[in-house]
Amino acid sequence: MSKEFRKGELCLDCIRWEDEPGWAGVLVKNRSVYQYNDFLKGILSRIKFRGDAVMVSPFMSPLKTLFKLEFPNDVIVVPIPLSSERLYERGFNQAKVLAELLDVQLKEILIRDSHEGKQSKKNRRERLAVINQSLFKCIDNVDLEEKNVLLVDDIYTTGVTIRNAAKELLNKGANKAYSLTVARG
């Protein structure tokens, strides 16, 4: 990310979140492989909306490299889940397909608590309107005590999705939460 969007080690978005009551410290860091642009928008749209899941393969090497360089070895990898409606519509979860590229065991321990409509159709203000709603629920009987979790998703846009998921996992005992995405919007 260019220096104009950073202050020291933090991006301006992270600084905003750290100043938001109830959200400071929820996410240690997000790392994205690429800056979101029209080219990536086209590829990710084909994956998500046209079911062309095989198109994730070029992301394998950069995701694995970033995963190994930036995150603790002991993280539990958790793909961001889709709502049951969206999963039925697409037939697969793109975040899970991307997380599988890391060649580690995944823990599908989150359930999307609500179906709030397509995020891609919302502007920043609409996305942030759900900031204090619980979007996720952790499945029962999951031991996260003192464990670190890594959330995987396709795009980091406003941070609402990732941070809501992280907050739920921290509330269930996780020590720290990180996130890895293909693109940063």
# chains A, B, ... in the order shown; residues from 1 in each chain; ligands from 1
call {"tool": "select_by_dssp", "arguments": {"residues": "region 13-93 of chain A", "states": "helix (DSSP H, G or I)", "output": "PyMOL selection string"}}
result
chain A and resi 13-18+38-50+53-70+84-90
call {"tool": "select_by_dssp", "arguments": {"residues": "region 26-155 of chain A", "states": "strand (DSSP E or B)", "output": "PyMOL selection string"}}
result
chain A and resi 29-35+76-79+106+110-112+136-138+148-155
call {"tool": "closest_residue", "arguments": {"among": "A:Ser32, A:Asn73, A:Ala177, A:Ser57", "to": "Asp154 (chain A)", "atoms": "only C-alpha atoms"}}
result
A:Ser32
call {"tool": "closest_residue", "arguments": {"among": "A:Arg184, A:Asn171, A:Asn93, A:Ala99", "to": "Ile47 (chain A)", "atoms": "only C-alpha atoms"}}
result
A:Asn93
call {"tool": "atom_distance", "arguments": {"atom1": "CA of Lys172 (chain A)", "atom2": "CA of Asn141 (chain A)"}}
result
10.0 Å
call {"tool": "closest_residue", "arguments": {"among": "A:Gly173, A:Pro62, A:Pro21, A:Gly159", "to": "Val142 (chain A)", "atoms": "only C-alpha atoms"}}
result
A:Gly173
call {"tool": "atom_distance", "arguments": {"atom1": "CA of Lys167 (chain A)", "atom2": "CA of Glu18 (chain A)"}}
result
13.1 Å
call {"tool": "closest_residue", "arguments": {"among": "A:Leu102, A:Cys14, A:Ala183, A:Val78", "to": "Val26 (chain A)", "atoms": "only C-alpha atoms"}}
result
A:Cys14
call {"tool": "residues_around", "arguments": {"residues": "Leu135 (chain A)", "least_positions_apart": "6", "cutoff": "8 Å", "atoms": "only C-alpha atoms", "output": "PyMOL selection string"}}
result
chain A and resi 112-114+161+164-165
call {"tool": "residues_around", "arguments": {"residues": "region 49-51 of chain A", "least_positions_apart": "2", "cutoff": "12 Å", "atoms": "only C-alpha atoms", "output": "list in words"}}
result
Lys41, Gly42, Ile43, Leu44, Ser45, Arg46, Ile47, Ala53, Val54, Met55, Val56, Arg86, Leu87, Tyr88, Glu89, Arg90, Gly91, Phe92, Asn93, Gln94, Val97, Lys118 and Ser120 of chain A
call {"tool": "closest_residue", "arguments": {"among": "A:Glu168, A:Glu20, A:Glu70, A:Asp153", "to": "Ala95 (chain A)", "atoms": "only C-alpha atoms"}}
result
A:Asp153
call {"tool": "closest_residue", "arguments": {"among": "A:Lys68, A:Ile162, A:Leu151, A:Glu146", "to": "Leu106 (chain A)", "atoms": "only C-alpha atoms"}}
result
A:Leu151
call {"tool": "atom_distance", "arguments": {"atom1": "CA of Thr65 (chain A)", "atom2": "CA of Trp23 (chain A)"}}
result
28.6 Å
call {"tool": "residues_around", "arguments": {"residues": "Asn30 (chain A)", "least_positions_apart": "5", "cutoff": "6 Å", "atoms": "only C-alpha atoms", "output": "VMD selection string"}}
result
chain A and resid 178 to 180
call {"tool": "write_last_selection", "arguments": {"atoms": "all heavy atoms", "output": "PDB file, in the first residue's frame"}}
result
ATOM      1  N   TYR A 178      -6.156 -12.535  12.755  1.00  0.00           N
ATOM      2  CA  TYR A 178      -5.486 -11.950  11.591  1.00  0.00           C
ATOM      3  C   TYR A 178      -6.377 -12.211  10.388  1.00  0.00           C
ATOM      4  O   TYR A 178      -7.280 -13.044  10.453  1.00  0.00           O
ATOM      5  CB  TYR A 178      -4.143 -12.647  11.336  1.00  0.00           C
ATOM      6  CG  TYR A 178      -3.192 -12.684  12.497  1.00  0.00           C
ATOM      7  CD1 TYR A 178      -3.270 -13.674  13.463  1.00  0.00           C
ATOM      8  CD2 TYR A 178      -2.187 -11.729  12.606  1.00  0.00           C
ATOM      9  CE1 TYR A 178      -2.379 -13.716  14.519  1.00  0.00           C
ATOM     10  CE2 TYR A 178      -1.279 -11.765  13.664  1.00  0.00           C
ATOM     11  CZ  TYR A 178      -1.387 -12.775  14.617  1.00  0.00           C
ATOM     12  OH  TYR A 178      -0.493 -12.801  15.649  1.00  0.00           O
ATOM     13  N   SER A 179      -6.080 -11.555   9.280  1.00  0.00           N
ATOM     14  CA  SER A 179      -6.811 -11.887   8.052  1.00  0.00           C
ATOM     15  C   SER A 179      -5.886 -11.806   6.839  1.00  0.00           C
ATOM     16  O   SER A 179      -4.919 -11.044   6.815  1.00  0.00           O
ATOM     17  CB  SER A 179      -8.030 -10.996   7.855  1.00  0.00           C
ATOM     18  OG  SER A 179      -7.692  -9.645   7.693  1.00  0.00           O
ATOM     19  N   LEU A 180      -6.219 -12.617   5.863  1.00  0.00           N
ATOM     20  CA  LEU A 180      -5.502 -12.702   4.593  1.00  0.00           C
ATOM     21  C   LEU A 180      -6.534 -12.662   3.488  1.00  0.00           C
ATOM     22  O   LEU A 180      -7.482 -13.438   3.487  1.00  0.00           O
ATOM     23  CB  LEU A 180      -4.709 -14.013   4.542  1.00  0.00           C
ATOM     24  CG  LEU A 180      -4.004 -14.363   3.237  1.00  0.00           C
ATOM     25  CD1 LEU A 180      -2.940 -13.330   2.890  1.00  0.00           C
ATOM     26  CD2 LEU A 180      -3.386 -15.758   3.322  1.00  0.00           C
TER      27      LEU A 180
END
